[in-house]
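Reviewing the structure listed below.
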Amino acid sequence: MKGSAGDTVGLTQRRKDAKDTSVIAFHALSGWLFLVSVMLITPGCRKHAMVSSSMAPTIKPGEEVTVDYTAYTVSTPARWDVVVFVPPFATNALWAMRVVALPGESVSSSATGVEVNGKPLVPPPHLASVTYCSLIQLGHPSGVPSPFVVPKDSYFILGDNSFNANDSRHWGAVALTNIQGKVLNK
């Protein structure tokens with residue numbers, strides 16, 4: 001015996017309800033996947049390959065680093081941040097180096113190394129393998145005057161490989177306007 005017309009209508013309604021549920025589940029899953037992908041891709045970040053050895057061993061030549069270009073939109077660089085900047089004498093290059101002195105601080109070169117505000121520059125424990133030497137130690141007494149007072153809205157930066165870095169010891173502080181972003185996890 002065949003089903004009645006009511007059974008056919010009920011079956012059609014159940015199929016329509018199942019289809020609607022599938023569509024809702026698909027849209028919910030799509031929305032969730034979109035949200036997760038947006039959260040995983042940090043806005044303002046890009047990867048760059050570093051070509052110089054001036055930050056070795058922290059950043060090796062050819063190593064890709066992630067730069068947060070929004071890091072300094074609401075704050076300023078802190079001591080020990082690795083920043084990406086446009087050097088004062090080149091407009092088409094981006095370099096990465098470490099902030100060691102802040103605006104208003106005094107940087108000196110001596111036979112024992114680099115000093116900030118009259119005290120030896122001692123890196124934090126995670127940089128134990130890094131030594132910052134002065135140009136005097138390298139036999140290059142020229143460079144910025146010593147002591148050098150970092151101007152307002154500027155930062156004194158050094159390469160972690162200070163034996164082979166063209167940095168603030170040679171040409172002075174980097175203006176905040178030249179600092180483009182912060183290298184993450186370095």
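In the structure tokens, chains take the letters A, B, ... in the order shown, each chain's residues start at 1, and ligands count up from 1 in the order shown.
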Can you tell me which residues surround A:Gly172 at a distance of at most 8 Å, considering only C-alpha atoms, apart from same-chain residues fewer than 3 positions away, and format the answer as a compact mmCIF listing (two decimals) with C-alpha atoms, in the first residue's frame?
```txt
# COMPACT_ATOMS: atom_id res chain seq x y z
CA VAL A 144 79.93 60.20 16.13
CA PHE A 156 70.78 54.90 18.94
CA ASP A 167 75.30 51.55 12.65
CA SER A 168 74.72 54.57 14.91
CA ARG A 169 78.37 54.51 16.03
```
Need to verify the contact set: A:Phe148, 12 Å, only C-alpha atoms, exclusion of same-chain residues closer than 6 positions in sequence. Can you return it as an mmCIF file with all heavy atoms, in the first residue's frame?
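Everything below was put into around.cif:
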```cif
data_model
loop_
_atom_site.group_PDB
_atom_site.id
_atom_site.type_symbol
_atom_site.label_atom_id
_atom_site.label_comp_id
_atom_site.auth_asym_id
_atom_site.auth_seq_id
_atom_site.Cartn_x
_atom_site.Cartn_y
_atom_site.Cartn_z
ATOM 1 N N ALA A 101 69.925 52.775 22.906
ATOM 2 C CA ALA A 101 69.801 54.005 23.696
ATOM 3 C C ALA A 101 68.585 54.791 23.204
ATOM 4 O O ALA A 101 68.273 54.807 22.010
ATOM 5 C CB ALA A 101 71.062 54.849 23.601
ATOM 6 N N LEU A 102 67.933 55.425 24.158
ATOM 7 C CA LEU A 102 66.667 56.119 23.921
ATOM 8 C C LEU A 102 66.884 57.629 23.852
ATOM 9 O O LEU A 102 67.955 58.134 24.209
ATOM 10 C CB LEU A 102 65.700 55.764 25.048
ATOM 11 C CG LEU A 102 65.505 54.257 25.296
ATOM 12 C CD1 LEU A 102 64.622 54.029 26.512
ATOM 13 C CD2 LEU A 102 64.942 53.585 24.068
ATOM 14 N N PRO A 103 65.872 58.375 23.417
ATOM 15 C CA PRO A 103 66.005 59.831 23.335
ATOM 16 C C PRO A 103 66.468 60.440 24.662
ATOM 17 O O PRO A 103 65.994 60.067 25.740
ATOM 18 C CB PRO A 103 64.582 60.293 22.998
ATOM 19 C CG PRO A 103 63.942 59.118 22.314
ATOM 20 C CD PRO A 103 64.547 57.911 22.979
ATOM 21 N N GLY A 104 67.453 61.359 24.568
ATOM 22 C CA GLY A 104 67.964 62.053 25.742
ATOM 23 C C GLY A 104 69.084 61.318 26.458
ATOM 24 O O GLY A 104 69.743 61.901 27.328
ATOM 25 N N GLU A 105 69.346 60.076 26.121
ATOM 26 C CA GLU A 105 70.425 59.327 26.782
ATOM 27 C C GLU A 105 71.768 59.649 26.140
ATOM 28 O O GLU A 105 71.845 60.033 24.975
ATOM 29 C CB GLU A 105 70.149 57.820 26.739
ATOM 30 C CG GLU A 105 68.943 57.437 27.572
ATOM 31 C CD GLU A 105 68.711 55.934 27.651
ATOM 32 O OE1 GLU A 105 68.991 55.220 26.658
ATOM 33 O OE2 GLU A 105 68.241 55.491 28.710
ATOM 34 N N SER A 106 72.824 59.459 26.918
ATOM 35 C CA SER A 106 74.181 59.731 26.472
ATOM 36 C C SER A 106 74.887 58.415 26.150
ATOM 37 O O SER A 106 74.892 57.495 26.970
ATOM 38 C CB SER A 106 74.935 60.477 27.578
ATOM 39 O OG SER A 106 76.275 60.657 27.218
ATOM 40 N N VAL A 107 75.482 58.348 24.954
ATOM 41 C CA VAL A 107 76.213 57.152 24.527
ATOM 42 C C VAL A 107 77.676 57.520 24.385
ATOM 43 O O VAL A 107 78.017 58.522 23.746
ATOM 44 C CB VAL A 107 75.673 56.617 23.187
ATOM 45 C CG1 VAL A 107 76.421 55.363 22.764
ATOM 46 C CG2 VAL A 107 74.177 56.347 23.275
ATOM 47 N N SER A 108 78.543 56.703 24.990
ATOM 48 C CA SER A 108 79.983 56.947 24.928
ATOM 49 C C SER A 108 80.709 55.728 24.408
ATOM 50 O O SER A 108 80.302 54.592 24.660
ATOM 51 C CB SER A 108 80.532 57.276 26.324
ATOM 52 O OG SER A 108 79.895 58.407 26.859
ATOM 53 N N SER A 109 81.822 55.992 23.711
ATOM 54 C CA SER A 109 82.721 54.929 23.282
ATOM 55 C C SER A 109 83.951 54.979 24.163
ATOM 56 O O SER A 109 84.475 56.055 24.449
ATOM 57 C CB SER A 109 83.151 55.139 21.827
ATOM 58 O OG SER A 109 82.066 54.953 20.966
ATOM 59 N N VAL A 114 80.941 50.075 24.733
ATOM 60 C CA VAL A 114 79.925 51.116 24.600
ATOM 61 C C VAL A 114 79.279 51.335 25.964
ATOM 62 O O VAL A 114 78.964 50.381 26.676
ATOM 63 C CB VAL A 114 78.863 50.706 23.555
ATOM 64 C CG1 VAL A 114 77.763 51.751 23.446
ATOM 65 C CG2 VAL A 114 79.517 50.476 22.197
ATOM 66 N N GLU A 115 79.096 52.606 26.317
ATOM 67 C CA GLU A 115 78.446 52.957 27.579
ATOM 68 C C GLU A 115 77.209 53.799 27.297
ATOM 69 O O GLU A 115 77.201 54.615 26.373
ATOM 70 C CB GLU A 115 79.400 53.738 28.477
ATOM 71 C CG GLU A 115 80.620 52.955 28.890
ATOM 72 C CD GLU A 115 81.593 53.781 29.725
ATOM 73 O OE1 GLU A 115 81.413 55.018 29.843
ATOM 74 O OE2 GLU A 115 82.547 53.178 30.241
ATOM 75 N N VAL A 116 76.172 53.598 28.105
ATOM 76 C CA VAL A 116 74.958 54.409 28.032
ATOM 77 C C VAL A 116 74.767 55.046 29.399
ATOM 78 O O VAL A 116 74.738 54.341 30.422
ATOM 79 C CB VAL A 116 73.728 53.566 27.629
ATOM 80 C CG1 VAL A 116 72.462 54.403 27.678
ATOM 81 C CG2 VAL A 116 73.916 52.976 26.235
ATOM 82 N N ASN A 117 74.694 56.373 29.405
ATOM 83 C CA ASN A 117 74.567 57.146 30.654
ATOM 84 C C ASN A 117 75.674 56.794 31.649
ATOM 85 O O ASN A 117 75.444 56.669 32.852
ATOM 86 C CB ASN A 117 73.185 56.957 31.275
ATOM 87 C CG ASN A 117 72.094 57.530 30.407
ATOM 88 O OD1 ASN A 117 72.308 58.484 29.661
ATOM 89 N ND2 ASN A 117 70.908 56.940 30.471
ATOM 90 N N GLY A 118 76.898 56.603 31.125
ATOM 91 C CA GLY A 118 78.064 56.356 31.971
ATOM 92 C C GLY A 118 78.209 54.927 32.474
ATOM 93 O O GLY A 118 79.134 54.630 33.221
ATOM 94 N N TYR A 155 66.738 57.369 18.100
ATOM 95 C CA TYR A 155 67.210 56.176 18.808
ATOM 96 C C TYR A 155 68.599 55.808 18.327
ATOM 97 O O TYR A 155 68.914 55.925 17.144
ATOM 98 C CB TYR A 155 66.232 55.006 18.582
ATOM 99 C CG TYR A 155 64.874 55.339 19.155
ATOM 100 C CD1 TYR A 155 63.953 56.079 18.432
ATOM 101 C CD2 TYR A 155 64.547 54.973 20.455
ATOM 102 C CE1 TYR A 155 62.734 56.438 18.969
ATOM 103 C CE2 TYR A 155 63.333 55.329 21.005
ATOM 104 C CZ TYR A 155 62.430 56.062 20.262
ATOM 105 O OH TYR A 155 61.230 56.430 20.809
ATOM 106 N N PHE A 156 69.427 55.358 19.263
ATOM 107 C CA PHE A 156 70.776 54.900 18.942
ATOM 108 C C PHE A 156 70.696 53.399 18.757
ATOM 109 O O PHE A 156 70.254 52.677 19.657
ATOM 110 C CB PHE A 156 71.737 55.247 20.080
ATOM 111 C CG PHE A 156 73.184 55.269 19.695
ATOM 112 C CD1 PHE A 156 73.758 56.425 19.175
ATOM 113 C CD2 PHE A 156 73.992 54.148 19.855
ATOM 114 C CE1 PHE A 156 75.103 56.460 18.835
ATOM 115 C CE2 PHE A 156 75.324 54.178 19.517
ATOM 116 C CZ PHE A 156 75.894 55.336 19.005
ATOM 117 N N SER A 168 74.718 53.240 14.308
ATOM 118 C CA SER A 168 74.723 54.575 14.908
ATOM 119 C C SER A 168 76.097 55.023 15.380
ATOM 120 O O SER A 168 76.335 56.227 15.504
ATOM 121 C CB SER A 168 73.739 54.628 16.084
ATOM 122 O OG SER A 168 72.410 54.639 15.627
ATOM 123 N N ARG A 169 77.018 54.107 15.638
ATOM 124 C CA ARG A 169 78.374 54.507 16.032
ATOM 125 C C ARG A 169 79.039 55.302 14.912
ATOM 126 O O ARG A 169 79.893 56.147 15.164
ATOM 127 C CB ARG A 169 79.237 53.278 16.345
ATOM 128 C CG ARG A 169 78.724 52.468 17.512
ATOM 129 C CD ARG A 169 79.469 51.165 17.622
ATOM 130 N NE ARG A 169 79.280 50.399 16.383
ATOM 131 C CZ ARG A 169 79.991 49.320 16.061
ATOM 132 N NH1 ARG A 169 80.934 48.881 16.859
ATOM 133 N NH2 ARG A 169 79.742 48.679 14.935
ATOM 134 N N HIS A 170 78.663 55.026 13.662
ATOM 135 C CA HIS A 170 79.269 55.672 12.501
ATOM 136 C C HIS A 170 78.536 56.932 12.080
ATOM 137 O O HIS A 170 79.168 57.911 11.677
ATOM 138 C CB HIS A 170 79.287 54.709 11.307
ATOM 139 C CG HIS A 170 80.136 53.510 11.521
ATOM 140 N ND1 HIS A 170 81.499 53.515 11.341
ATOM 141 C CD2 HIS A 170 79.813 52.256 11.916
ATOM 142 C CE1 HIS A 170 81.980 52.309 11.598
ATOM 143 N NE2 HIS A 170 80.981 51.529 11.963
ATOM 144 N N TRP A 171 77.190 56.941 12.114
ATOM 145 C CA TRP A 171 76.424 58.035 11.531
ATOM 146 C C TRP A 171 75.369 58.643 12.448
ATOM 147 O O TRP A 171 74.607 59.500 12.030
ATOM 148 C CB TRP A 171 75.784 57.622 10.212
ATOM 149 C CG TRP A 171 75.347 56.193 10.117
ATOM 150 C CD1 TRP A 171 76.021 55.173 9.522
ATOM 151 C CD2 TRP A 171 74.142 55.620 10.642
ATOM 152 N NE1 TRP A 171 75.317 53.998 9.646
ATOM 153 C CE2 TRP A 171 74.157 54.245 10.328
ATOM 154 C CE3 TRP A 171 73.058 56.116 11.355
ATOM 155 C CZ2 TRP A 171 73.136 53.372 10.697
ATOM 156 C CZ3 TRP A 171 72.041 55.250 11.718
ATOM 157 C CH2 TRP A 171 72.096 53.903 11.383
ATOM 158 N N GLY A 172 75.291 58.240 13.684
ATOM 159 C CA GLY A 172 74.386 58.897 14.619
ATOM 160 C C GLY A 172 73.052 58.192 14.782
ATOM 161 O O GLY A 172 72.860 57.061 14.332
ATOM 162 N N ALA A 173 72.138 58.862 15.412
ATOM 163 C CA ALA A 173 70.851 58.281 15.784
ATOM 164 C C ALA A 173 69.906 58.183 14.583
ATOM 165 O O ALA A 173 70.072 58.874 13.580
ATOM 166 C CB ALA A 173 70.204 59.111 16.884
#
```
By how many Å are atom CA of A:Glu63 and atom CA of A:Val51 apart?
7.7 Å
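Comparing the minimum interatomic distances between A:Leu135 and each of A:Ala165, A:Val122, A:Val183, A:Ile157, counting only C-alpha atoms, we find that A:Ala165 sits nearest.
Distance-wise, atom CA of A:Lys152 and atom CA of A:Thr177 end up 11.6 Å apart.
Checking A:Asn185, A:Ser110, A:Ser129, A:Ser75 one by one against A:Pro147, counting only C-alpha atoms, you find the shortest gap at A:Ser110.
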Would you pick out the contacts of A:Ala93 at 12 Å or less, using only C-alpha atoms, so that residues sharing its chain but fewer than 6 positions from it are not included, and give the list as a PyMOL selection string?
chain A and resi 50-52+84-87+178-180
My list of candidates is A:Thr66, A:Asn161, A:Gln137, A:Ala96. Which is closest to A:Thr112 when distances are computed with only C-alpha atoms?
A:Gln137
Atom pair atom CA of A:Asn92 / atom CA of A:His140: separation (Å)
27.3 Å
